[in-house]
file structure-v3.cif (mmCIF, C-alpha atoms)
data_target
#
loop_
_atom_site.label_atom_id
_atom_site.label_comp_id
_atom_site.auth_asym_id
_atom_site.auth_seq_id
_atom_site.Cartn_x
_atom_site.Cartn_y
_atom_site.Cartn_z
CA MET W 1 95.96 92.00 135.67
CA ARG W 2 98.75 94.22 137.01
CA LEU W 3 100.37 96.76 134.69
CA VAL W 4 104.17 96.72 134.36
CA ALA W 5 106.55 99.66 134.40
CA ALA W 6 108.78 98.44 131.56
CA ARG W 7 107.56 98.80 127.96
CA PRO W 8 107.64 95.24 126.56
CA ARG W 9 108.66 94.57 122.97
CA PRO W 10 108.01 91.52 120.76
CA PHE W 11 110.59 88.79 121.33
CA LEU W 12 110.46 87.77 117.65
CA LYS W 13 110.79 89.66 114.39
CA TRP W 14 107.51 88.91 112.65
CA ALA W 15 106.38 89.74 109.13
CA GLY W 16 103.20 91.75 109.44
CA GLY W 17 103.98 92.67 113.05
CA LYS W 18 102.21 95.77 114.30
CA SER W 19 105.03 97.58 116.15
CA ARG W 20 105.30 100.27 113.47
CA LEU W 21 101.53 100.78 113.29
CA LEU W 22 100.73 100.81 117.01
CA LYS W 23 100.53 104.58 117.31
CA GLN W 24 97.93 104.74 114.54
CA ILE W 25 96.02 101.65 115.65
CA THR W 26 95.64 102.94 119.19
CA ASP W 27 93.81 106.00 117.87
CA TYR W 28 90.97 103.62 116.92
CA LEU W 29 90.74 101.56 120.11
CA PRO W 30 87.22 101.32 121.58
CA PRO W 31 86.40 104.00 124.17
CA GLU W 32 85.21 101.25 126.53
CA LEU W 33 88.85 100.41 127.23
CA LYS W 34 89.55 103.77 128.90
CA GLN W 35 86.20 103.57 130.64
CA GLY W 36 87.18 100.27 132.26
CA ARG W 37 84.29 98.41 130.64
CA VAL W 38 86.47 95.83 128.84
CA ARG W 39 87.27 92.84 131.06
CA ARG W 40 88.83 90.54 128.48
CA TYR W 41 91.22 91.09 125.58
CA ILE W 42 91.37 88.40 122.88
CA GLU W 43 93.83 88.13 120.00
CA PRO W 44 93.10 85.14 117.72
CA PHE W 45 96.15 85.70 115.44
CA VAL W 46 98.71 86.73 118.07
CA GLY W 47 101.82 86.52 115.85
CA GLY W 48 104.74 88.47 117.31
CA GLY W 49 102.47 89.98 119.96
CA ALA W 50 103.08 93.73 119.51
CA MET W 51 99.41 94.55 120.04
CA LEU W 52 99.07 92.03 122.88
CA LEU W 53 102.02 93.55 124.76
CA TYR W 54 100.71 97.07 124.26
CA MET W 55 97.27 96.15 125.56
CA ALA W 56 98.63 94.16 128.50
CA SER W 57 100.96 96.94 129.63
CA HIS W 58 98.62 99.91 129.09
CA TYR W 59 95.17 98.78 130.18
CA GLN W 60 93.73 97.13 133.27
CA VAL W 61 92.16 94.20 131.45
CA ALA W 62 91.31 91.34 133.80
CA GLU W 63 91.79 88.50 131.28
CA LEU W 64 94.01 87.86 128.27
CA VAL W 65 93.23 85.17 125.68
CA ILE W 66 95.68 84.63 122.83
CA CYS W 67 95.55 82.11 120.02
CA ASP W 68 97.48 81.21 116.89
CA LEU W 69 97.39 78.38 114.38
CA ASN W 70 101.19 78.15 114.41
CA PRO W 71 102.18 75.55 117.06
CA GLU W 72 105.83 76.71 117.11
CA LEU W 73 104.78 80.24 118.02
CA ILE W 74 102.42 79.08 120.77
CA LEU W 75 105.19 76.83 122.09
CA CYS W 76 107.40 79.92 122.51
CA TYR W 77 104.71 81.80 124.43
CA GLN W 78 104.18 78.81 126.72
CA VAL W 79 107.90 78.46 127.42
CA ILE W 80 108.30 82.17 128.21
CA ARG W 81 105.44 81.95 130.69
CA ARG W 82 106.56 78.71 132.36
CA ASP W 83 110.36 78.61 132.13
CA VAL W 84 111.66 82.04 131.18
CA ALA W 85 114.85 81.74 133.30
CA CYS W 86 115.87 78.45 131.65
CA LEU W 87 115.06 79.88 128.23
CA ILE W 88 117.25 82.93 128.90
CA ASP W 89 120.15 80.72 130.01
CA ARG W 90 119.98 78.73 126.77
CA LEU W 91 119.64 81.85 124.62
CA ALA W 92 122.71 83.32 126.35
CA GLU W 93 124.70 80.21 125.41
CA LEU W 94 123.57 80.36 121.79
CA GLU W 95 124.23 84.10 121.48
CA GLN W 96 127.68 83.92 123.02
CA ALA W 97 128.71 80.97 120.85
CA TYR W 98 127.47 82.79 117.77
CA LEU W 99 129.07 86.17 118.51
CA HIS W 100 132.48 84.66 119.35
CA ALA W 101 132.57 82.50 116.22
CA HIS W 102 134.34 83.29 112.95
CA PRO W 103 131.87 84.43 110.20
CA ILE W 104 132.18 81.09 108.40
CA CYS W 105 131.56 79.22 111.65
CA ARG W 106 128.55 81.42 112.35
CA GLU W 107 126.95 80.30 109.11
CA GLU W 108 127.71 76.68 109.93
CA MET W 109 126.19 77.12 113.39
CA PHE W 110 123.04 78.67 111.91
CA TYR W 111 122.46 75.79 109.51
CA SER W 112 123.25 73.23 112.21
CA VAL W 113 120.61 74.73 114.54
CA ARG W 114 118.13 74.94 111.66
CA GLN W 115 118.72 71.27 110.81
CA GLN W 116 118.19 70.27 114.45
CA LEU W 117 114.98 72.30 114.63
CA ASN W 118 113.54 70.63 111.54
CA HIS W 119 114.69 67.12 112.47
CA ASN W 120 113.39 67.25 116.04
CA ARG W 121 109.95 68.49 114.99
CA ARG W 122 109.03 64.97 113.96
CA GLN W 123 109.65 63.62 117.47
CA LEU W 124 108.16 66.51 119.44
CA SER W 125 104.70 66.55 120.98
CA PHE W 126 103.11 69.99 120.73
CA GLN W 127 100.34 68.89 123.11
CA HIS W 128 102.41 67.93 126.16
CA TYR W 129 104.88 70.37 127.72
CA THR W 130 108.38 68.95 128.29
CA ALA W 131 111.92 70.27 128.77
CA ALA W 132 112.43 69.78 125.02
CA TRP W 133 110.13 72.78 124.49
CA ILE W 134 112.72 75.07 126.11
CA GLU W 135 115.44 74.04 123.68
CA ARG W 136 113.05 74.39 120.76
CA ALA W 137 111.91 77.88 121.81
CA ALA W 138 115.56 78.93 122.14
CA GLN W 139 116.34 77.59 118.66
CA ILE W 140 113.33 79.37 117.13
CA ILE W 141 114.25 82.70 118.73
CA PHE W 142 117.93 82.28 117.79
CA LEU W 143 117.12 81.47 114.15
CA ASN W 144 114.61 84.32 113.95
CA HIS W 145 117.28 86.87 114.92
CA THR W 146 120.05 85.44 112.74
CA CYS W 147 118.15 84.43 109.59
CA PHE W 148 117.60 86.56 106.50
CA ASN W 149 115.30 89.53 107.22
CA GLY W 150 113.90 87.90 110.36
CA LEU W 151 111.41 85.92 108.30
CA TYR W 152 109.43 82.92 109.48
CA ARG W 153 108.77 80.69 106.47
CA LEU W 154 107.97 77.02 106.12
CA ASN W 155 108.30 74.81 103.06
CA ALA W 156 105.64 72.32 101.92
CA SER W 157 106.98 69.73 104.39
CA GLY W 158 106.62 72.14 107.30
CA ASP W 159 110.37 72.72 107.67
CA PHE W 160 111.80 76.15 108.49
CA ASN W 161 113.76 77.10 105.36
CA VAL W 162 114.87 80.76 105.69
CA PRO W 163 118.59 81.17 104.84
CA PHE W 164 121.41 82.64 106.92
CA GLY W 165 121.20 86.39 107.58
CA LYS W 166 124.87 87.51 107.78
CA TYR W 167 124.27 90.07 110.57
CA THR W 168 127.40 91.44 112.26
CA GLN W 169 126.27 91.84 115.88
CA PRO W 170 122.73 90.49 116.23
CA ARG W 171 121.00 90.62 119.61
CA VAL W 172 119.25 87.30 119.98
CA TYR W 173 117.38 88.18 123.17
CA HIS W 174 116.88 90.79 125.91
CA ALA W 175 116.58 89.17 129.34
CA SER W 176 114.63 91.97 131.01
CA ASN W 177 112.16 92.07 128.13
CA LEU W 178 111.54 88.32 128.33
CA HIS W 179 110.99 88.58 132.10
CA THR W 180 108.46 91.37 131.52
CA ILE W 181 106.60 89.32 128.91
CA ALA W 182 106.60 86.32 131.25
CA ARG W 183 104.95 88.40 133.98
CA LEU W 184 102.27 89.65 131.60
CA LEU W 185 101.52 86.11 130.43
CA GLN W 186 101.19 84.53 133.88
CA ASP W 187 97.40 84.55 133.92
CA ALA W 188 96.81 84.49 130.16
CA LEU W 189 94.92 81.72 128.40
CA ILE W 190 97.17 80.53 125.53
CA LEU W 191 95.45 78.52 122.80
CA GLN W 192 96.87 76.80 119.74
CA GLY W 193 94.41 76.56 116.90
CA ASP W 194 92.15 78.26 114.41
CA PHE W 195 90.75 81.71 115.19
CA GLN W 196 87.39 80.13 116.03
CA ALA W 197 88.95 78.55 119.13
CA CYS W 198 88.46 81.86 120.93
CA ALA W 199 84.67 81.91 120.39
CA PRO W 200 83.70 80.55 123.85
CA TYR W 201 85.41 83.53 125.52
CA VAL W 202 83.75 86.34 123.56
CA ASP W 203 81.01 88.35 125.24
CA ARG W 204 79.90 91.98 125.59
CA HIS W 205 82.78 92.74 127.98
CA THR W 206 85.38 91.65 125.40
CA PHE W 207 87.62 93.46 122.92
CA VAL W 208 88.88 91.25 120.08
CA TYR W 209 91.69 92.31 117.75
CA PHE W 210 92.02 90.24 114.56
CA ASP W 211 95.29 90.42 112.63
CA PRO W 212 94.99 87.58 110.08
CA PRO W 213 97.43 86.80 107.28
CA TYR W 214 96.88 89.67 104.87
CA ARG W 215 95.17 89.18 101.57
CA PRO W 216 97.86 89.74 98.87
CA ILE W 217 97.37 93.02 97.04
CA SER W 218 99.27 91.71 93.99
CA ARG W 219 100.24 88.34 92.55
CA THR W 220 103.77 88.65 93.94
CA ALA W 221 102.88 90.04 97.37
CA SER W 222 102.36 86.73 99.17
CA PHE W 223 105.94 85.62 99.84
CA THR W 224 105.79 83.84 103.18
CA SER W 225 103.93 81.01 104.82
CA TYR W 226 103.51 81.41 108.57
CA ALA W 227 101.75 78.06 108.87
CA GLN W 228 101.34 75.21 106.43
CA ALA W 229 97.72 76.12 105.68
CA ASP W 230 97.21 79.05 103.30
CA PHE W 231 94.78 81.81 104.22
CA ARG W 232 92.98 82.26 100.93
CA ASP W 233 89.87 84.24 100.01
CA GLU W 234 87.56 81.53 101.31
CA GLU W 235 89.29 81.87 104.69
CA GLN W 236 88.83 85.65 104.56
CA HIS W 237 85.11 85.00 103.99
CA ARG W 238 84.98 82.55 106.90
CA LEU W 239 86.70 85.10 109.14
CA ALA W 240 84.22 87.80 108.10
CA ARG W 241 81.32 85.50 109.03
CA PHE W 242 82.98 84.88 112.40
CA PHE W 243 83.47 88.64 112.87
CA ARG W 244 79.75 89.20 112.29
CA GLY W 245 78.89 86.40 114.69
CA MET W 246 81.01 87.94 117.45
CA HIS W 247 79.44 91.31 116.71
CA THR W 248 76.03 89.89 117.64
CA ARG W 249 77.43 89.03 121.09
CA GLY W 250 78.07 92.71 121.81
CA ALA W 251 81.89 92.46 121.77
CA ARG W 252 84.06 95.33 120.50
CA LEU W 253 85.96 94.16 117.40
CA MET W 254 88.88 95.47 115.33
CA LEU W 255 90.42 93.78 112.29
CA SER W 256 93.52 94.66 110.23
CA ASN W 257 94.10 93.71 106.62
CA SER W 258 95.67 94.87 103.39
CA ASP W 259 94.02 97.59 101.35
CA PRO W 260 93.43 96.32 97.78
CA LYS W 261 92.76 99.89 96.65
CA ASN W 262 96.51 100.53 96.79
CA ILE W 263 96.63 98.63 93.50
CA ASP W 264 93.09 98.83 92.15
CA PRO W 265 90.82 101.70 93.30
CA HIS W 266 87.80 99.65 92.18
CA ASP W 267 88.65 96.55 94.23
CA ALA W 268 85.84 96.43 96.82
CA PHE W 269 86.67 92.99 98.28
CA PHE W 270 86.78 94.17 101.91
CA ASP W 271 84.18 96.91 101.46
CA ASP W 272 81.73 94.21 100.41
CA LEU W 273 82.90 91.63 102.94
CA TYR W 274 82.56 94.01 105.89
CA ALA W 275 79.67 96.13 104.64
CA GLY W 276 77.98 97.90 107.53
CA PHE W 277 81.14 98.19 109.63
CA ALA W 278 83.48 101.17 109.97
CA MET W 279 86.38 101.14 107.49
CA HIS W 280 89.51 103.16 108.39
CA ARG W 281 92.78 103.52 106.49
CA VAL W 282 96.18 103.89 108.15
CA ILE W 283 99.56 104.49 106.52
CA ALA W 284 102.07 101.65 106.66
CA GLY W 285 105.52 101.15 105.15
CA ARG W 286 106.17 98.10 103.01
CA VAL W 287 109.14 97.07 105.15
CA ILE W 288 109.87 93.52 103.98
CA ASN W 289 110.81 93.47 100.33
CA VAL W 290 114.03 92.40 98.66
CA ARG W 291 113.97 95.49 96.42
CA SER W 292 114.50 98.71 98.38
CA ASP W 293 112.66 100.72 95.71
CA ARG W 294 109.46 98.82 96.59
CA ARG W 295 109.47 99.68 100.29
CA GLY W 296 107.29 102.73 100.00
CA GLN W 297 104.26 103.80 102.02
CA ILE W 298 100.93 102.09 101.45
CA SER W 299 97.65 102.12 103.32
CA GLU W 300 96.22 99.27 105.35
CA LEU W 301 92.69 98.73 106.59
CA LEU W 302 91.35 98.86 110.12
CA ILE W 303 87.78 97.56 110.31
CA THR W 304 85.80 98.12 113.51
CA ASN W 305 82.26 97.41 114.67
CA TYR W 306 82.15 100.75 116.46
CA GLY W 307 82.50 104.32 115.19
#
call {"tool": "encode", "arguments": {"input": "structure-v3.cif", "output": "C-alpha coordinates"}}
result
Amino acid sequence: MRLVAARPRPFLKWAGGKSRLLKQITDYLPPELKQGRVRRYIEPFVGGGAMLLYMASHYQVAELVICDLNPELILCYQVIRRDVACLIDRLAELEQAYLHAHPICREEMFYSVRQQLNHNRRQLSFQHYTAAWIERAAQIIFLNHTCFNGLYRLNASGDFNVPFGKYTQPRVYHASNLHTIARLLQDALILQGDFQACAPYVDRHTFVYFDPPYRPISRTASFTSYAQADFRDEEQHRLARFFRGMHTRGARLMLSNSDPKNIDPHDAFFDDLYAGFAMHRVIAGRVINVRSDRRGQISELLITNYG
(Lines of atoms letter the chains of each structure in order from A and count residues from 1; the text may use other names and numbers.)
(Lines give C-alpha, C1' and ligand atoms only; values in the text may rest on other atoms or scores of the structure.)
Protein backbone atom coordinates (compact mmCIF):
# COMPACT_ATOMS: atom_id res chain seq x y z
CA MET A 1 0.00 0.00 0.00
CA ARG A 2 1.39 3.39 -1.02
CA LEU A 3 1.58 6.17 1.56
CA VAL A 4 -0.01 9.53 0.70
CA ALA A 5 1.43 13.00 1.20
CA ALA A 6 -1.79 14.61 2.45
CA ARG A 7 -2.92 13.97 6.04
CA PRO A 8 -6.43 12.50 5.69
CA ARG A 9 -9.17 13.35 8.17
CA PRO A 10 -12.44 11.53 8.95
CA PHE A 11 -15.20 12.49 6.53
CA LEU A 12 -17.84 12.18 9.28
CA LYS A 13 -18.18 13.59 12.77
CA TRP A 14 -18.45 10.48 14.91
CA ALA A 15 -19.21 10.13 18.61
CA GLY A 16 -16.33 8.24 20.15
CA GLY A 17 -14.04 9.08 17.23
CA LYS A 18 -10.35 8.87 18.01
CA SER A 19 -9.02 12.06 16.35
CA ARG A 20 -8.41 13.74 19.71
CA LEU A 21 -6.74 10.67 21.21
CA LEU A 22 -4.51 9.70 18.28
CA LYS A 23 -1.35 11.25 19.70
CA GLN A 24 -1.70 9.24 22.90
CA ILE A 25 -2.84 6.03 21.20
CA THR A 26 0.13 6.03 18.84
CA ASP A 27 2.49 5.94 21.82
CA TYR A 28 1.19 2.40 22.46
CA LEU A 29 1.32 1.00 18.92
CA PRO A 30 3.17 -2.32 18.61
CA PRO A 31 6.88 -2.00 17.79
CA GLU A 32 6.40 -4.51 14.95
CA LEU A 33 4.78 -1.73 12.91
CA LYS A 34 7.99 0.31 12.71
CA GLN A 35 9.95 -2.86 12.14
CA GLY A 36 7.87 -3.65 9.06
CA ARG A 37 6.64 -6.95 10.50
CA VAL A 38 2.92 -6.08 10.28
CA ARG A 39 1.45 -6.93 6.88
CA ARG A 40 -2.24 -6.44 7.64
CA TYR A 41 -4.17 -3.85 9.64
CA ILE A 42 -7.70 -4.77 10.76
CA GLU A 43 -10.29 -2.51 12.37
CA PRO A 44 -13.51 -4.36 13.25
CA PHE A 45 -15.36 -1.24 14.54
CA VAL A 46 -14.15 1.29 11.97
CA GLY A 47 -16.58 4.11 12.85
CA GLY A 48 -15.39 7.48 11.57
CA GLY A 49 -12.03 5.99 10.62
CA ALA A 50 -9.57 8.30 12.42
CA MET A 51 -7.32 5.40 13.41
CA LEU A 52 -7.69 3.72 10.01
CA LEU A 53 -6.62 6.88 8.18
CA TYR A 54 -3.67 7.40 10.50
CA MET A 55 -2.46 3.85 10.02
CA ALA A 56 -2.99 3.89 6.25
CA SER A 57 -1.10 7.16 5.78
CA HIS A 58 1.78 6.51 8.20
CA TYR A 59 2.72 2.86 7.82
CA GLN A 60 3.56 0.59 4.91
CA VAL A 61 0.92 -2.02 5.68
CA ALA A 62 0.22 -4.27 2.70
CA GLU A 63 -3.46 -4.98 3.50
CA LEU A 64 -6.31 -3.09 5.14
CA VAL A 65 -9.44 -4.83 6.43
CA ILE A 66 -12.23 -2.71 7.90
CA CYS A 67 -15.57 -3.78 9.27
CA ASP A 68 -18.59 -2.27 10.99
CA LEU A 69 -22.05 -3.47 11.95
CA ASN A 70 -23.60 -0.23 10.70
CA PRO A 71 -24.61 -0.76 7.03
CA GLU A 72 -25.01 3.00 6.40
CA LEU A 73 -21.43 3.64 7.44
CA ILE A 74 -20.05 0.82 5.30
CA LEU A 75 -22.13 2.12 2.38
CA CYS A 76 -20.31 5.47 2.69
CA TYR A 77 -16.89 3.83 2.64
CA GLN A 78 -17.84 1.79 -0.42
CA VAL A 79 -19.10 4.87 -2.28
CA ILE A 80 -15.97 6.88 -1.48
CA ARG A 81 -13.82 4.06 -2.85
CA ARG A 82 -15.88 3.42 -6.00
CA ASP A 83 -17.47 6.75 -6.97
CA VAL A 84 -15.77 9.57 -5.08
CA ALA A 85 -16.07 12.08 -7.97
CA CYS A 86 -19.85 11.57 -8.27
CA LEU A 87 -20.20 11.78 -4.49
CA ILE A 88 -18.28 15.08 -4.42
CA ASP A 89 -20.49 16.52 -7.17
CA ARG A 90 -23.64 15.69 -5.20
CA LEU A 91 -22.20 17.01 -1.93
CA ALA A 92 -21.29 20.27 -3.69
CA GLU A 93 -24.91 20.65 -4.80
CA LEU A 94 -26.24 20.00 -1.31
CA GLU A 95 -23.74 22.34 0.35
CA GLN A 96 -24.35 25.18 -2.07
CA ALA A 97 -28.13 24.88 -1.78
CA TYR A 98 -27.85 24.87 2.00
CA LEU A 99 -25.43 27.79 2.33
CA HIS A 100 -27.41 30.03 -0.05
CA ALA A 101 -30.73 29.35 1.68
CA HIS A 102 -32.45 31.52 4.28
CA PRO A 103 -32.08 30.08 7.85
CA ILE A 104 -35.71 28.94 7.86
CA CYS A 105 -35.26 27.27 4.48
CA ARG A 106 -32.09 25.59 5.72
CA GLU A 107 -34.05 23.90 8.48
CA GLU A 108 -36.72 22.83 6.01
CA MET A 109 -34.04 21.43 3.69
CA PHE A 110 -32.45 19.49 6.55
CA TYR A 111 -35.70 17.81 7.55
CA SER A 112 -36.59 17.12 3.92
CA VAL A 113 -33.27 15.31 3.35
CA ARG A 114 -33.68 13.44 6.64
CA GLN A 115 -37.18 12.32 5.63
CA GLN A 116 -35.89 11.11 2.25
CA LEU A 117 -33.05 9.21 3.91
CA ASN A 118 -35.42 7.39 6.27
CA HIS A 119 -38.08 6.72 3.64
CA ASN A 120 -35.67 5.36 1.03
CA ARG A 121 -33.98 2.97 3.47
CA ARG A 122 -36.91 0.60 3.13
CA GLN A 123 -36.38 0.26 -0.64
CA LEU A 124 -32.58 0.14 -0.64
CA SER A 125 -30.49 -3.01 -0.90
CA PHE A 126 -27.38 -2.80 1.24
CA GLN A 127 -26.00 -5.93 -0.43
CA HIS A 128 -25.93 -4.78 -4.07
CA TYR A 129 -24.13 -1.58 -5.08
CA THR A 130 -26.21 0.80 -7.22
CA ALA A 131 -26.23 4.51 -8.12
CA ALA A 132 -28.72 5.01 -5.28
CA TRP A 133 -25.84 4.41 -2.86
CA ILE A 134 -24.17 7.64 -4.04
CA GLU A 135 -27.21 9.74 -3.22
CA ARG A 136 -27.57 8.02 0.14
CA ALA A 137 -23.91 8.55 1.07
CA ALA A 138 -24.25 12.24 0.15
CA GLN A 139 -27.36 12.56 2.33
CA ILE A 140 -25.67 10.85 5.28
CA ILE A 141 -22.60 13.09 5.06
CA PHE A 142 -24.75 16.22 4.60
CA LEU A 143 -26.96 15.39 7.60
CA ASN A 144 -23.94 14.52 9.73
CA HIS A 145 -22.43 17.98 9.19
CA THR A 146 -25.67 19.93 9.63
CA CYS A 147 -27.39 18.02 12.45
CA PHE A 148 -27.12 18.75 16.17
CA ASN A 149 -23.60 18.06 17.50
CA GLY A 150 -22.75 15.83 14.53
CA LEU A 151 -24.44 12.86 16.20
CA TYR A 152 -25.43 9.64 14.49
CA ARG A 153 -28.47 8.24 16.31
CA LEU A 154 -31.21 5.85 15.28
CA ASN A 155 -34.62 5.35 16.85
CA ALA A 156 -36.17 1.93 17.55
CA SER A 157 -37.40 1.73 13.94
CA GLY A 158 -33.90 2.31 12.59
CA ASP A 159 -34.62 5.86 11.41
CA PHE A 160 -32.06 8.65 11.75
CA ASN A 161 -33.65 11.06 14.24
CA VAL A 162 -31.05 13.71 15.19
CA PRO A 163 -32.52 17.25 14.98
CA PHE A 164 -31.34 20.27 12.99
CA GLY A 165 -28.01 21.78 14.09
CA LYS A 166 -28.38 25.51 13.31
CA TYR A 167 -24.74 25.97 12.20
CA THR A 168 -23.95 29.24 10.41
CA GLN A 169 -21.36 28.16 7.83
CA PRO A 170 -20.94 24.38 8.00
CA ARG A 171 -18.46 22.66 5.69
CA VAL A 172 -20.21 19.55 4.47
CA TYR A 173 -17.21 18.07 2.68
CA HIS A 174 -13.59 18.63 1.60
CA ALA A 175 -12.98 17.35 -1.93
CA SER A 176 -9.23 16.81 -1.58
CA ASN A 177 -9.73 14.89 1.66
CA LEU A 178 -12.31 12.59 0.07
CA HIS A 179 -9.97 11.94 -2.88
CA THR A 180 -7.18 11.05 -0.44
CA ILE A 181 -9.44 8.65 1.47
CA ALA A 182 -10.56 7.08 -1.81
CA ARG A 183 -6.94 6.38 -2.76
CA LEU A 184 -6.22 4.78 0.60
CA LEU A 185 -9.29 2.56 0.31
CA GLN A 186 -8.63 1.27 -3.21
CA ASP A 187 -7.20 -2.06 -2.11
CA ALA A 188 -8.97 -2.33 1.25
CA LEU A 189 -11.34 -5.15 2.14
CA ILE A 190 -14.56 -3.50 3.41
CA LEU A 191 -16.89 -5.75 5.39
CA GLN A 192 -20.32 -5.07 6.85
CA GLY A 193 -21.08 -7.13 9.91
CA ASP A 194 -20.21 -8.15 13.43
CA PHE A 195 -16.62 -7.85 14.65
CA GLN A 196 -16.19 -11.61 14.26
CA ALA A 197 -16.39 -11.19 10.48
CA CYS A 198 -12.72 -10.23 10.49
CA ALA A 199 -11.58 -13.50 12.10
CA PRO A 200 -10.50 -15.25 8.85
CA TYR A 201 -7.95 -12.48 8.19
CA VAL A 202 -6.17 -12.49 11.56
CA ASP A 203 -2.75 -14.11 11.80
CA ARG A 204 0.65 -13.43 13.38
CA HIS A 205 1.43 -10.71 10.80
CA THR A 206 -1.69 -8.73 11.77
CA PHE A 207 -2.39 -5.73 13.99
CA VAL A 208 -6.02 -5.43 15.10
CA TYR A 209 -7.42 -2.28 16.71
CA PHE A 210 -10.79 -2.71 18.46
CA ASP A 211 -12.84 0.40 19.21
CA PRO A 212 -16.24 -0.99 20.26
CA PRO A 213 -19.18 1.01 21.59
CA TYR A 214 -17.99 2.04 25.04
CA ARG A 215 -19.45 0.55 28.16
CA PRO A 216 -21.39 3.39 29.91
CA ILE A 217 -19.61 4.62 33.01
CA SER A 218 -22.88 5.91 34.49
CA ARG A 219 -26.59 5.31 34.00
CA THR A 220 -26.92 8.47 31.90
CA ALA A 221 -23.75 8.06 29.82
CA SER A 222 -25.21 5.94 27.02
CA PHE A 223 -27.03 8.53 24.92
CA THR A 224 -26.63 7.32 21.35
CA SER A 225 -27.30 4.24 19.29
CA TYR A 226 -24.92 3.78 16.39
CA ALA A 227 -26.72 0.64 15.23
CA GLN A 228 -30.04 -0.86 16.21
CA ALA A 229 -28.40 -3.57 18.32
CA ASP A 230 -27.16 -2.49 21.75
CA PHE A 231 -23.66 -3.42 22.87
CA ARG A 232 -24.35 -4.55 26.41
CA ASP A 233 -22.15 -6.30 28.96
CA GLU A 234 -22.74 -9.70 27.38
CA GLU A 235 -21.36 -8.27 24.12
CA GLN A 236 -18.34 -6.91 25.98
CA HIS A 237 -17.78 -10.45 27.30
CA ARG A 238 -18.13 -11.92 23.81
CA LEU A 239 -15.63 -9.39 22.47
CA ALA A 240 -13.16 -10.25 25.25
CA ARG A 241 -13.41 -13.94 24.33
CA PHE A 242 -12.77 -13.02 20.70
CA PHE A 243 -9.78 -10.87 21.76
CA ARG A 244 -8.29 -13.85 23.60
CA GLY A 245 -8.91 -16.09 20.61
CA MET A 246 -7.08 -13.71 18.28
CA HIS A 247 -4.26 -13.48 20.81
CA THR A 248 -3.65 -17.21 20.43
CA ARG A 249 -3.05 -16.64 16.70
CA GLY A 250 -0.06 -14.42 17.46
CA ALA A 251 -1.66 -11.16 16.26
CA ARG A 252 -0.89 -7.82 17.92
CA LEU A 253 -4.07 -6.45 19.50
CA MET A 254 -5.19 -3.11 20.96
CA LEU A 255 -8.63 -2.30 22.38
CA SER A 256 -10.14 0.99 23.59
CA ASN A 257 -12.94 1.33 26.10
CA SER A 258 -14.28 3.50 28.88
CA ASP A 259 -12.61 3.46 32.28
CA PRO A 260 -15.22 2.62 34.96
CA LYS A 261 -12.79 3.77 37.65
CA ASN A 262 -13.59 7.37 36.68
CA ILE A 263 -16.80 6.84 38.66
CA ASP A 264 -16.04 3.91 40.94
CA PRO A 265 -12.40 3.15 41.86
CA HIS A 266 -13.47 -0.38 42.83
CA ASP A 267 -15.12 -1.23 39.52
CA ALA A 268 -12.86 -3.96 38.09
CA PHE A 269 -15.08 -4.93 35.12
CA PHE A 270 -12.34 -4.56 32.49
CA ASP A 271 -9.50 -5.55 34.82
CA ASP A 272 -11.24 -8.89 35.30
CA LEU A 273 -12.37 -9.24 31.68
CA TYR A 274 -8.88 -8.66 30.29
CA ALA A 275 -6.81 -10.13 33.11
CA GLY A 276 -3.34 -11.02 31.90
CA PHE A 277 -3.19 -8.25 29.29
CA ALA A 278 -1.56 -4.83 29.58
CA MET A 279 -3.91 -2.09 30.82
CA HIS A 280 -3.03 1.54 29.98
CA ARG A 281 -4.92 4.73 30.79
CA VAL A 282 -5.02 7.78 28.52
CA ILE A 283 -6.62 11.16 29.16
CA ALA A 284 -9.67 12.05 27.08
CA GLY A 285 -12.09 14.97 27.13
CA ARG A 286 -15.80 14.29 27.46
CA VAL A 287 -16.57 16.28 24.32
CA ILE A 288 -20.20 15.36 23.59
CA ASN A 289 -22.46 16.44 26.40
CA VAL A 290 -25.33 18.91 26.41
CA ARG A 291 -24.06 20.46 29.66
CA SER A 292 -20.74 22.27 29.20
CA ASP A 293 -19.88 21.78 32.89
CA ARG A 294 -19.74 18.01 32.28
CA ARG A 295 -17.17 18.14 29.48
CA GLY A 296 -14.16 17.65 31.68
CA GLN A 297 -11.19 15.33 31.31
CA ILE A 298 -11.60 11.64 32.05
CA SER A 299 -9.41 8.62 31.45
CA GLU A 300 -10.05 5.88 28.92
CA LEU A 301 -8.55 2.42 28.68
CA LEU A 302 -6.15 1.03 26.13
CA ILE A 303 -5.75 -2.73 26.47
CA THR A 304 -2.95 -4.46 24.57
CA ASN A 305 -1.61 -8.01 24.32
CA TYR A 306 1.94 -6.68 24.24
CA GLY A 307 3.93 -4.62 26.75
call {"tool": "residues_near_point", "arguments": {"input": "structure-v3.cif", "point": "(77.5, 90.0, 126.2)", "cutoff": "10 Å", "atoms": "only C-alpha atoms", "output": "ChimeraX atom specification"}}
result
/W:202-206,246-251
call {"tool": "residues_near_point", "arguments": {"input": "structure-v3.cif", "point": "(109.9, 83.8, 130.4)", "cutoff": "10 Å", "atoms": "only C-alpha atoms", "output": "ChimeraX atom specification"}}
result
/W:76-88,175-186
call {"tool": "resolve_selection", "arguments": {"input": "structure-v3.cif", "expression": "the PyMOL selection byres ((chain W and resi 116) around 12)", "output": "mmCIF file with C-alpha atoms, keeping the file's coordinate frame"}}
result
data_model
loop_
_atom_site.group_PDB
_atom_site.id
_atom_site.type_symbol
_atom_site.label_atom_id
_atom_site.label_comp_id
_atom_site.auth_asym_id
_atom_site.auth_seq_id
_atom_site.Cartn_x
_atom_site.Cartn_y
_atom_site.Cartn_z
ATOM 1 C CA MET W 109 126.190 77.120 113.390
ATOM 2 C CA PHE W 110 123.040 78.670 111.910
ATOM 3 C CA TYR W 111 122.460 75.790 109.510
ATOM 4 C CA SER W 112 123.250 73.230 112.210
ATOM 5 C CA VAL W 113 120.610 74.730 114.540
ATOM 6 C CA ARG W 114 118.130 74.940 111.660
ATOM 7 C CA GLN W 115 118.720 71.270 110.810
ATOM 8 C CA LEU W 117 114.980 72.300 114.630
ATOM 9 C CA ASN W 118 113.540 70.630 111.540
ATOM 10 C CA HIS W 119 114.690 67.120 112.470
ATOM 11 C CA ASN W 120 113.390 67.250 116.040
ATOM 12 C CA ARG W 121 109.950 68.490 114.990
ATOM 13 C CA ARG W 122 109.030 64.970 113.960
ATOM 14 C CA GLN W 123 109.650 63.620 117.470
ATOM 15 C CA LEU W 124 108.160 66.510 119.440
ATOM 16 C CA GLU W 135 115.440 74.040 123.680
ATOM 17 C CA ARG W 136 113.050 74.390 120.760
ATOM 18 C CA ALA W 138 115.560 78.930 122.140
ATOM 19 C CA GLN W 139 116.340 77.590 118.660
ATOM 20 C CA ILE W 140 113.330 79.370 117.130
ATOM 21 C CA LEU W 143 117.120 81.470 114.150
ATOM 22 C CA ASP W 159 110.370 72.720 107.670
ATOM 23 C CA PHE W 160 111.800 76.150 108.490
#
call {"tool": "resolve_selection", "arguments": {"input": "structure-v3.cif", "expression": "the PyMOL selection byres ((chain W and resi 65) around 7)", "output": "PyMOL selection string"}}
result
chain W and resi 41-43+63-64+66-67+188-190
call {"tool": "resolve_selection", "arguments": {"input": "structure-v3.cif", "expression": "the PyMOL selection byres ((chain W and resi 263-270) around 10)", "output": "JSON, numbers by chain"}}
result
{"W": [215, 217, 218, 233, 236, 237, 240, 257, 258, 259, 260, 261, 262, 271, 272, 273, 274, 275, 279, 298, 301, 303]}
